[in-house]
$ cat entry.csv   # CSV, C-alpha atoms
chain,number,residue,atom,x,y,z
A,1,MET,CA,116.8,52.3,115.1
A,2,ARG,CA,113.2,53.0,116.4
A,3,LYS,CA,113.1,56.1,114.3
A,4,ILE,CA,113.8,54.1,111.2
A,5,TRP,CA,110.9,51.8,111.9
A,6,VAL,CA,108.6,54.7,112.6
A,7,LEU,CA,109.6,56.3,109.3
A,8,ILE,CA,109.1,53.0,107.4
A,9,CYS,CA,105.6,52.6,109.0
A,10,VAL,CA,104.8,56.2,107.9
A,11,VAL,CA,106.0,55.4,104.4
A,12,LEU,CA,103.9,52.2,104.3
A,13,LEU,CA,100.8,54.0,105.5
A,14,ALA,CA,101.3,56.6,102.9
A,15,GLY,CA,101.7,53.8,100.3
A,16,ALA,CA,98.4,52.2,101.5
A,17,GLN,CA,96.7,55.6,101.1
A,18,SER,CA,98.2,55.9,97.6
A,19,VAL,CA,96.8,52.5,96.7
A,20,ALA,CA,93.4,53.5,98.0
A,21,ALA,CA,93.6,56.7,95.9
A,22,GLN,CA,94.2,54.6,92.8
A,23,SER,CA,90.7,53.3,93.0
A,24,GLY,CA,89.5,56.9,92.7
A,25,ASN,CA,87.3,56.9,95.8
A,26,ALA,CA,89.9,58.9,97.8
A,27,HIS,CA,90.4,61.5,95.0
A,28,PRO,CA,89.0,64.9,96.1
A,29,GLY,CA,87.1,65.2,92.8
A,30,TYR,CA,85.2,62.0,93.5
A,31,PHE,CA,81.6,62.5,94.5
A,32,PRO,CA,79.7,59.3,95.4
A,33,ILE,CA,76.7,59.7,93.1
A,34,GLU,CA,75.7,56.1,93.6
A,35,GLU,CA,75.1,56.8,97.3
A,36,LEU,CA,72.4,59.4,96.7
A,37,GLY,CA,69.8,56.6,96.7
A,38,ILE,CA,67.8,57.8,93.7
A,39,PHE,CA,68.0,54.6,91.7
A,40,GLY,CA,66.6,51.3,92.8
A,41,GLU,CA,67.3,47.9,91.3
A,42,GLY,CA,66.4,47.8,87.6
A,43,ASP,CA,66.1,51.6,87.3
A,44,LEU,CA,69.4,52.2,85.6
A,45,GLU,CA,69.7,52.4,81.8
A,46,VAL,CA,73.3,53.4,81.9
A,47,ASN,CA,75.8,52.5,84.6
A,48,VAL,CA,79.4,53.4,83.9
A,49,ASP,CA,82.2,53.0,86.4
A,50,LEU,CA,85.7,53.5,85.0
A,51,SER,CA,88.8,53.4,87.1
A,52,GLY,CA,92.0,55.4,86.5
A,53,ALA,CA,93.8,52.3,85.2
A,54,MET,CA,91.2,51.5,82.7
A,55,LEU,CA,91.0,55.1,81.5
A,56,GLN,CA,94.8,55.2,81.0
A,57,VAL,CA,94.5,52.1,78.8
A,58,ALA,CA,91.5,53.6,77.0
A,59,ALA,CA,93.5,56.8,76.4
A,60,GLY,CA,96.4,54.8,75.1
A,61,ALA,CA,94.2,53.0,72.7
A,62,MET,CA,92.8,56.2,71.4
A,63,GLU,CA,96.0,57.4,69.8
A,64,ASN,CA,94.4,58.3,66.5
A,65,ARG,CA,91.7,60.3,68.2
A,66,ASP,CA,91.6,64.0,69.2
A,67,GLU,CA,94.7,64.7,71.2
A,68,ASN,CA,92.6,66.8,73.6
A,69,LEU,CA,90.5,63.8,74.4
A,70,VAL,CA,93.5,61.5,74.9
A,71,ASP,CA,95.1,64.1,77.1
A,72,LEU,CA,91.9,64.5,79.2
A,73,PHE,CA,91.3,60.8,79.6
A,74,SER,CA,94.9,60.0,80.5
A,75,LYS,CA,94.6,62.2,83.6
A,76,LEU,CA,91.3,60.9,84.9
A,77,GLU,CA,91.1,58.8,88.0
A,78,ARG,CA,87.4,57.8,88.0
A,79,VAL,CA,84.4,58.3,85.8
A,80,ARG,CA,80.9,57.4,87.0
A,81,VAL,CA,77.7,57.8,85.0
A,82,LEU,CA,74.3,56.8,86.2
A,83,VAL,CA,71.3,57.4,84.0
A,84,GLY,CA,67.8,56.0,84.6
A,85,SER,CA,64.2,56.5,85.4
A,86,PRO,CA,63.8,56.4,89.2
A,87,LYS,CA,60.9,54.2,90.4
A,88,LYS,CA,62.2,53.7,93.9
A,89,VAL,CA,61.6,57.3,94.9
A,90,GLU,CA,58.8,59.7,94.0
A,91,THR,CA,59.3,62.6,91.6
A,92,ALA,CA,59.2,65.2,94.4
A,93,SER,CA,61.8,63.2,96.4
A,94,VAL,CA,64.2,63.2,93.4
A,95,GLY,CA,64.2,67.0,93.5
A,96,SER,CA,64.9,67.0,97.2
A,97,ILE,CA,67.7,64.4,96.9
A,98,ILE,CA,69.3,66.5,94.2
A,99,SER,CA,69.0,69.6,96.4
A,100,ASP,CA,70.7,67.7,99.2
A,101,ALA,CA,73.5,66.6,96.9
A,102,ARG,CA,74.0,70.2,95.7
A,103,MET,CA,74.2,71.4,99.3
A,104,ARG,CA,76.8,68.7,100.0
A,105,LEU,CA,78.8,69.7,96.9
A,106,GLU,CA,78.7,73.4,97.8
A,107,ASN,CA,79.7,72.7,101.4
A,108,SER,CA,82.6,70.7,100.2
A,109,GLY,CA,84.0,73.6,98.2
A,110,TRP,CA,82.6,72.7,94.8
A,111,ASP,CA,81.7,75.6,92.5
A,112,LYS,CA,78.5,75.8,90.6
A,113,ILE,CA,79.4,76.4,86.9
A,114,LEU,CA,75.9,76.4,85.4
A,115,THR,CA,72.3,76.0,86.4
A,116,VAL,CA,69.1,75.5,84.4
A,117,GLU,CA,66.0,75.6,86.6
A,118,GLU,CA,62.9,75.3,84.6
A,119,GLU,CA,59.5,73.9,85.6
A,120,ASP,CA,60.2,70.4,84.3
A,121,GLU,CA,64.0,70.3,84.1
A,122,GLN,CA,66.8,71.1,86.4
A,123,VAL,CA,70.4,70.9,85.3
A,124,TYR,CA,73.5,71.6,87.5
A,125,LEU,CA,77.1,71.4,86.7
A,126,TYR,CA,79.7,71.6,89.5
A,127,SER,CA,83.5,71.7,89.4
A,128,LEU,CA,86.1,71.4,92.1
A,129,GLU,CA,89.3,73.3,91.7
A,130,GLN,CA,92.6,72.0,92.9
A,131,GLY,CA,95.5,74.2,92.3
A,132,GLU,CA,95.8,74.9,88.7
A,133,ALA,CA,93.4,72.3,87.5
A,134,ILE,CA,89.9,71.0,87.9
A,135,ALA,CA,89.9,67.9,90.2
A,136,GLY,CA,86.3,67.0,89.6
A,137,LEU,CA,83.1,67.6,87.6
A,138,THR,CA,79.7,66.6,88.7
A,139,VAL,CA,76.5,66.8,86.6
A,140,LEU,CA,73.1,66.5,88.1
A,141,VAL,CA,70.1,66.4,85.7
A,142,ASN,CA,66.5,65.9,86.7
A,143,ASP,CA,64.2,65.7,83.7
A,144,GLY,CA,60.9,66.0,85.6
A,145,GLY,CA,61.6,62.8,87.4
A,146,ASP,CA,61.3,60.8,84.2
A,147,GLU,CA,65.0,60.6,83.7
A,148,VAL,CA,67.8,61.4,86.0
A,149,VAL,CA,71.4,61.8,84.9
A,150,LEU,CA,74.3,61.8,87.5
A,151,VAL,CA,77.8,62.1,86.3
A,152,ASN,CA,81.0,62.4,88.3
A,153,ILE,CA,84.5,62.7,86.7
A,154,ALA,CA,87.5,62.8,89.0
A,155,GLY,CA,91.0,63.4,88.0
A,156,SER,CA,93.3,66.3,86.9
A,157,ILE,CA,91.4,68.1,84.2
A,158,ASP,CA,93.0,71.0,82.4
A,159,PRO,CA,90.3,73.6,82.0
A,160,ARG,CA,91.7,74.6,78.6
A,161,THR,CA,91.5,71.1,77.3
A,162,LEU,CA,88.0,70.7,78.7
A,163,GLY,CA,87.0,74.0,77.1
A,164,ARG,CA,88.3,73.0,73.7
A,165,LEU,CA,86.5,69.7,73.9
A,166,LEU,CA,83.2,71.3,75.1
A,167,SER,CA,83.4,73.8,72.3
A,168,ASN,CA,82.9,70.8,70.0
A,169,VAL,CA,80.2,69.2,72.0
A,170,GLY,CA,78.5,68.3,68.7
A,171,ASP,CA,81.2,65.7,68.3
A,172,PHE,CA,79.8,63.7,71.2
A,173,GLU,CA,76.3,62.8,70.2
A,174,LEU,CA,74.7,61.0,73.1
A,175,ASP,CA,72.5,58.8,71.1
A,176,GLU,CA,75.3,57.7,68.8
A,177,LEU,CA,77.5,56.9,71.8
A,178,MET,CA,74.7,55.0,73.5
A,179,ALA,CA,74.1,52.9,70.4
A,180,ALA,CA,77.8,52.2,70.0
A,181,ILE,CA,78.1,51.1,73.7
A,182,ASP,CA,75.0,48.9,73.4
A,183,GLN,CA,76.4,47.0,70.4
B,1,MET,CA,64.4,122.1,64.3
B,2,SER,CA,61.2,121.4,62.3
B,3,PRO,CA,58.9,118.6,63.3
B,4,ARG,CA,59.9,116.6,60.2
B,5,ALA,CA,63.6,117.0,61.0
B,6,ASP,CA,62.8,115.9,64.6
B,7,LEU,CA,61.1,112.8,63.3
B,8,GLU,CA,64.1,112.0,61.0
B,9,MET,CA,66.4,112.4,64.0
B,10,CYS,CA,64.2,110.1,66.1
B,11,SER,CA,64.4,107.5,63.4
B,12,ASP,CA,68.3,107.9,63.2
B,13,VAL,CA,68.6,107.6,67.0
B,14,LEU,CA,66.4,104.5,67.1
B,15,GLU,CA,68.4,102.9,64.2
B,16,GLY,CA,71.7,103.7,65.8
B,17,LEU,CA,70.7,103.0,69.4
B,18,GLU,CA,72.4,99.7,69.7
B,19,ALA,CA,75.7,101.0,68.2
B,20,TRP,CA,75.5,104.0,70.5
B,21,ILE,CA,75.1,101.9,73.6
B,22,ASP,CA,77.9,99.6,72.5
B,23,GLY,CA,80.1,102.7,72.1
B,24,GLU,CA,80.5,102.1,68.4
B,25,LEU,CA,79.3,105.5,67.1
B,26,GLY,CA,81.7,108.2,66.0
B,27,ALA,CA,82.2,111.1,68.5
B,28,GLU,CA,80.3,113.6,66.2
B,29,GLU,CA,77.3,111.4,65.8
B,30,ALA,CA,77.2,110.4,69.5
B,31,ALA,CA,77.2,114.2,70.3
B,32,ARG,CA,74.3,114.7,67.8
B,33,PHE,CA,72.4,111.9,69.5
B,34,GLU,CA,73.1,113.3,73.0
B,35,ALA,CA,71.8,116.7,71.9
B,36,HIS,CA,68.7,115.1,70.5
B,37,ILE,CA,67.8,113.0,73.5
B,38,ALA,CA,68.3,116.0,75.8
B,39,GLN,CA,65.2,117.4,74.2
B,40,CYS,CA,63.3,114.3,73.1
B,41,ALA,CA,61.6,112.4,75.9
B,42,SER,CA,60.5,109.4,73.9
B,43,CYS,CA,64.1,108.8,72.5
B,44,ARG,CA,65.3,109.2,76.1
B,45,THR,CA,62.9,106.5,77.1
B,46,GLU,CA,63.9,104.3,74.2
B,47,LYS,CA,67.6,104.6,75.2
B,48,SER,CA,66.9,103.9,78.8
B,49,GLU,CA,64.9,100.7,77.9
B,50,ALA,CA,67.6,99.6,75.5
B,51,GLU,CA,70.3,100.1,78.2
B,52,ASP,CA,68.1,98.1,80.6
B,53,LEU,CA,67.9,95.3,78.1
B,54,VAL,CA,71.7,95.3,77.5
B,55,MET,CA,72.3,95.3,81.3
B,56,GLY,CA,69.8,92.5,81.7
B,57,LEU,CA,71.6,90.4,79.0
B,58,ARG,CA,74.9,91.1,80.6
B,59,SER,CA,73.6,89.9,84.0
B,60,LEU,CA,72.5,86.6,82.6
B,61,PRO,CA,74.5,83.7,84.1
B,62,GLU,CA,77.7,82.7,82.4
B,63,PHE,CA,78.7,79.1,82.3
B,64,ASP,CA,82.3,78.6,82.1
B,65,VAL,CA,85.1,77.2,84.3
B,66,PRO,CA,86.0,79.6,87.1
B,67,THR,CA,88.2,82.3,85.7
B,68,ARG,CA,90.8,81.9,88.4
B,69,VAL,CA,91.3,78.4,87.3
B,70,LEU,CA,91.7,79.5,83.6
B,71,HIS,CA,94.1,82.2,84.6
B,72,SER,CA,96.2,79.8,86.7
B,73,VAL,CA,96.7,77.1,84.1
B,74,PRO,CA,99.7,78.4,82.2
B,75,GLY,CA,103.0,78.8,84.0
B,76,PHE,CA,104.3,75.4,84.9
B,77,ALA,CA,107.8,76.6,85.7
B,78,ARG,CA,108.7,74.1,88.4
B,79,PRO,CA,111.8,72.0,88.2
B,80,PRO,CA,111.1,68.4,87.2
B,81,MET,CA,110.1,66.1,90.1
B,82,TRP,CA,113.2,63.9,89.7
B,83,ALA,CA,115.4,67.0,90.1
B,84,ARG,CA,113.6,68.0,93.3
B,85,PHE,CA,113.8,64.4,94.6
B,86,GLY,CA,117.5,64.2,93.8
B,87,ALA,CA,118.2,67.4,95.7
B,88,THR,CA,116.4,66.1,98.8
B,89,THR,CA,118.1,62.7,98.8
B,90,THR,CA,121.6,64.3,98.5
B,91,THR,CA,121.1,66.3,101.7
B,92,SER,CA,119.3,63.5,103.5
B,93,MET,CA,122.0,60.9,102.9
B,94,ARG,CA,124.0,62.5,105.7
B,95,ARG,CA,121.5,61.0,108.2
B,96,PRO,CA,121.1,57.2,108.2
B,97,ALA,CA,117.4,57.2,109.3
B,98,ALA,CA,116.4,59.7,106.7
B,99,ALA,CA,118.5,57.7,104.1
B,100,ALA,CA,116.7,54.5,105.1
B,101,ALA,CA,113.3,56.2,104.8
B,102,ALA,CA,114.3,57.6,101.4
B,103,ILE,CA,115.3,54.1,100.2
B,104,ALA,CA,112.0,52.7,101.5
B,105,VAL,CA,110.1,55.4,99.7
B,106,ALA,CA,112.0,54.7,96.5
B,107,MET,CA,111.3,51.0,96.8
B,108,LEU,CA,107.7,51.5,97.6
B,109,ALA,CA,107.4,53.8,94.6
B,110,ILE,CA,108.9,51.2,92.3
B,111,VAL,CA,106.5,48.6,93.6
B,112,LEU,CA,103.5,50.8,93.2
B,113,VAL,CA,104.5,51.9,89.7
B,114,SER,CA,105.1,48.3,88.6
B,115,GLN,CA,101.8,47.2,90.1
B,116,TRP,CA,100.0,50.1,88.5
B,117,ARG,CA,101.5,49.9,85.0
B,118,GLY,CA,102.3,46.2,84.8
B,119,PRO,CA,98.9,44.4,84.9
B,120,SER,CA,97.0,47.1,83.2
B,121,THR,CA,97.8,46.3,79.6
B,122,PRO,CA,97.1,42.5,79.5
B,123,LYS,CA,94.2,42.9,82.0
B,124,TYR,CA,91.6,44.3,79.6
B,125,SER,CA,90.4,42.9,76.3
B,126,ASP,CA,90.3,45.1,73.2
B,127,GLN,CA,86.5,45.1,73.4
B,128,GLU,CA,86.6,46.2,77.0
B,129,ILE,CA,89.1,49.0,76.1
B,130,GLU,CA,86.9,50.2,73.2
B,131,ARG,CA,83.8,50.1,75.4
B,132,ALA,CA,85.7,52.1,78.1
B,133,ALA,CA,86.7,54.7,75.6
B,134,LEU,CA,83.1,55.1,74.5
B,135,GLU,CA,81.8,55.2,78.0
B,136,ALA,CA,84.3,57.9,79.0
B,137,GLN,CA,83.2,59.9,76.0
B,138,LEU,CA,79.6,59.4,77.1
B,139,ALA,CA,80.4,61.0,80.4
B,140,LEU,CA,81.9,63.9,78.6
B,141,ALA,CA,78.9,64.0,76.3
B,142,TYR,CA,76.7,64.4,79.4
B,143,VAL,CA,78.8,67.4,80.5
B,144,GLY,CA,78.4,68.8,77.0
B,145,ASP,CA,74.7,68.2,77.1
B,146,ALA,CA,74.4,70.1,80.3
B,147,VAL,CA,76.2,73.0,78.8
B,148,GLN,CA,74.0,72.9,75.7
B,149,ARG,CA,70.8,72.8,77.8
B,150,ALA,CA,72.0,75.8,79.7
B,151,GLU,CA,72.9,77.6,76.5
B,152,LEU,CA,69.4,76.8,75.1
B,153,SER,CA,67.8,78.0,78.3
B,154,VAL,CA,69.7,81.4,78.2
B,155,LYS,CA,68.9,81.8,74.5
B,156,GLU,CA,65.2,81.2,75.1
B,157,LYS,CA,65.2,83.8,77.9
B,158,ILE,CA,67.0,86.3,75.7
B,159,LEU,CA,64.5,85.6,72.9
B,160,GLU,CA,61.6,85.9,75.2
B,161,ASP,CA,62.8,89.2,76.8
B,162,GLY,CA,63.9,90.6,73.4
B,163,THR,CA,60.5,89.8,71.8
B,164,VAL,CA,58.5,91.4,74.6
B,165,ILE,CA,60.6,94.5,74.7
B,166,ARG,CA,60.7,94.8,70.9
B,167,THR,CA,56.9,94.5,70.7
B,168,VAL,CA,56.4,97.2,73.4
B,169,ARG,CA,59.0,99.4,71.7
B,170,GLY,CA,57.3,98.9,68.3
B,171,PHE,CA,53.9,99.8,69.7
B,172,SER,CA,55.2,102.9,71.6
B,173,ARG,CA,57.1,104.0,68.5
B,174,SER,CA,54.0,103.8,66.3
B,175,MET,CA,51.9,105.7,68.8
B,176,ARG,CA,54.5,108.4,69.2
B,177,ILE,CA,54.9,108.8,65.4
B,178,ILE,CA,51.2,109.1,65.0
B,179,GLY,CA,51.0,111.6,67.8
B,180,GLU,CA,53.9,113.7,66.5
B,181,ALA,CA,52.5,113.6,62.9
B,182,ALA,CA,49.1,114.8,64.3
B,183,SER,CA,50.7,117.7,66.3
B,184,ALA,CA,52.9,118.6,63.3
B,185,ALA,CA,49.8,118.7,61.1
B,186,ALA,CA,48.0,120.9,63.6
B,187,GLU,CA,50.8,123.4,63.4
B,188,LEU,CA,50.6,123.7,59.6
B,189,PRO,CA,48.6,126.7,58.2
B,190,ALA,CA,45.2,125.7,57.2
B,191,THR,CA,45.0,125.0,53.4
B,192,PRO,CA,41.8,125.7,51.7
B,193,LEU,CA,40.2,122.7,50.1
B,194,PRO,CA,40.3,122.7,46.3
B,195,GLN,CA,37.1,123.9,44.8
$ encode --input "entry.csv" --output "structure tokens"
Amino acid sequence: MRKIWVLICVVLLAGAQSVAAQSGNAHPGYFPIEELGIFGEGDLEVNVDLSGAMLQVAAGAMENRDENLVDLFSKLERVRVLVGSPKKVETASVGSIISDARMRLENSGWDKILTVEEEDEQVYLYSLEQGEAIAGLTVLVNDGGDEVVLVNIAGSIDPRTLGRLLSNVGDFELDELMAAIDQ
Amino acid sequence: MSPRADLEMCSDVLEGLEAWIDGELGAEEAARFEAHIAQCASCRTEKSEAEDLVMGLRSLPEFDVPTRVLHSVPGFARPPMWARFGATTTTSMRRPAAAAAAIAVAMLAIVLVSQWRGPSTPKYSDQEIERAALEAQLALAYVGDAVQRAELSVKEKILEDGTVIRTVRGFSRSMRIIGEAASAAAELPATPLPQ
């Protein structure tokens, strides 16, 4: 009888973990960009935080859209976007914080997919593989300290779907999307 | 070979250099070019520089998902999850503790699924859903933007390197042609000036 209770406790604990995972924070592809401490109060121009449940609903509502997009969104667990002009920290510190973040990503098994390191602009894109898919994507952009972009997408991302979507990046005009969101 | 024929051959080699390095020349022409650079130092230099350029371009960073992920995507040949679960429960039913655990798992799964799917639809307004779809696209747009910035950076580097090398090559070619023309002229028999 004791064994049964032990097993039930184990099952309930696993269930609790599963509920925690639903929020996206426990997902391996989640990277806490909000904890980097780059932005202070009032610095953010864009602050997106979408949970898996919301993304599922959004994917369902996009039935008439590109099927690659619907497929991608339906398997995401968490999407975080932070864009702003950091006033809390100095320009030099932004670079240092981003370097620390890169080190954390690399030490946690993330792969650097691309890098742009120019005098006034640094762009890094990282991915985390999990089995046959990408579990997370993290973008770190430092535009000379004037604008910083931090993006984390966690979920089960099919590389082929992502590749197809990114080959049509022109379909996702940042300005147009920003304007549509602001409306 | 006469100096004029040499100059023509140099010109042919320079024109066909790219195709030669890419292995796109016919065997006969490639052999002709090989024979020429064996005796022409400047064409040899040109070829070496062009090969360096090609190697340089090939060594530029590529930005793509890791290939081992790409290669591993196809091939989902696993039995469906319910079939695997069914097989497990059939054997487990022989033991009461395992059976109870299996029932507990099934019940918990039902509760979790109903919690997950149930409230999601009525919870969000149409406006919220539309905004979420746009925001998710915005996240993807930033990934695309990063890719575009990297592409632009690489293109700029290629352009920069290509321009520099082309300028140097153009200058050295001009100097060589002038030099060879001068030496060819020196070899010609002196022609008396018309009276």
$ closest_residue --input "entry.csv" --among "B:Glu18, B:Glu24, B:Glu49, B:Asp6" --to "His36 in chain B" --atoms "only C-alpha atoms"
B:Asp6
$ closest_residue --input "entry.csv" --among "A:Ser85, A:Ser99, A:Asn107, A:Gln56" --to "chain B" --atoms "all atoms listed in the file"
A:Gln56
$ residues_around --input "entry.csv" --residues "range 27-40 of chain A" --least-positions-apart "2" --cutoff "9 Å" --atoms "all atoms listed in the file" --output "NGL selection string"
:A and (21-25 or 42-44 or 77-89 or 93-94 or 97-98 or 100-101 or 105 or 110 or 127-130 or 134-138 or 148 or 150-156)
$ atom_distance --input "entry.csv" --atom1 "CA of Asp49 in chain A" --atom2 "CA of Leu152 in chain B"
29.3 Å
$ residues_around --input "entry.csv" --residues "Gly60 in chain A" --least-positions-apart "3" --cutoff "12 Å" --atoms "only C-alpha atoms" --output "list of chain:residue names"
A:Ala53, A:Met54, A:Leu55, A:Gln56, A:Val57, A:Glu63, A:Asn64, A:Arg65, A:Asp66, A:Glu67, A:Leu69, A:Val70, A:Asp71, A:Leu72, A:Phe73, A:Ser74, A:Lys75, B:Ser120, B:Thr121, B:Asp126, B:Ile129, B:Glu130, B:Ala132, B:Ala133
$ atom_distance --input "entry.csv" --atom1 "CA of Arg32 in chain B" --atom2 "CA of Ala50 in chain B"
18.2 Å
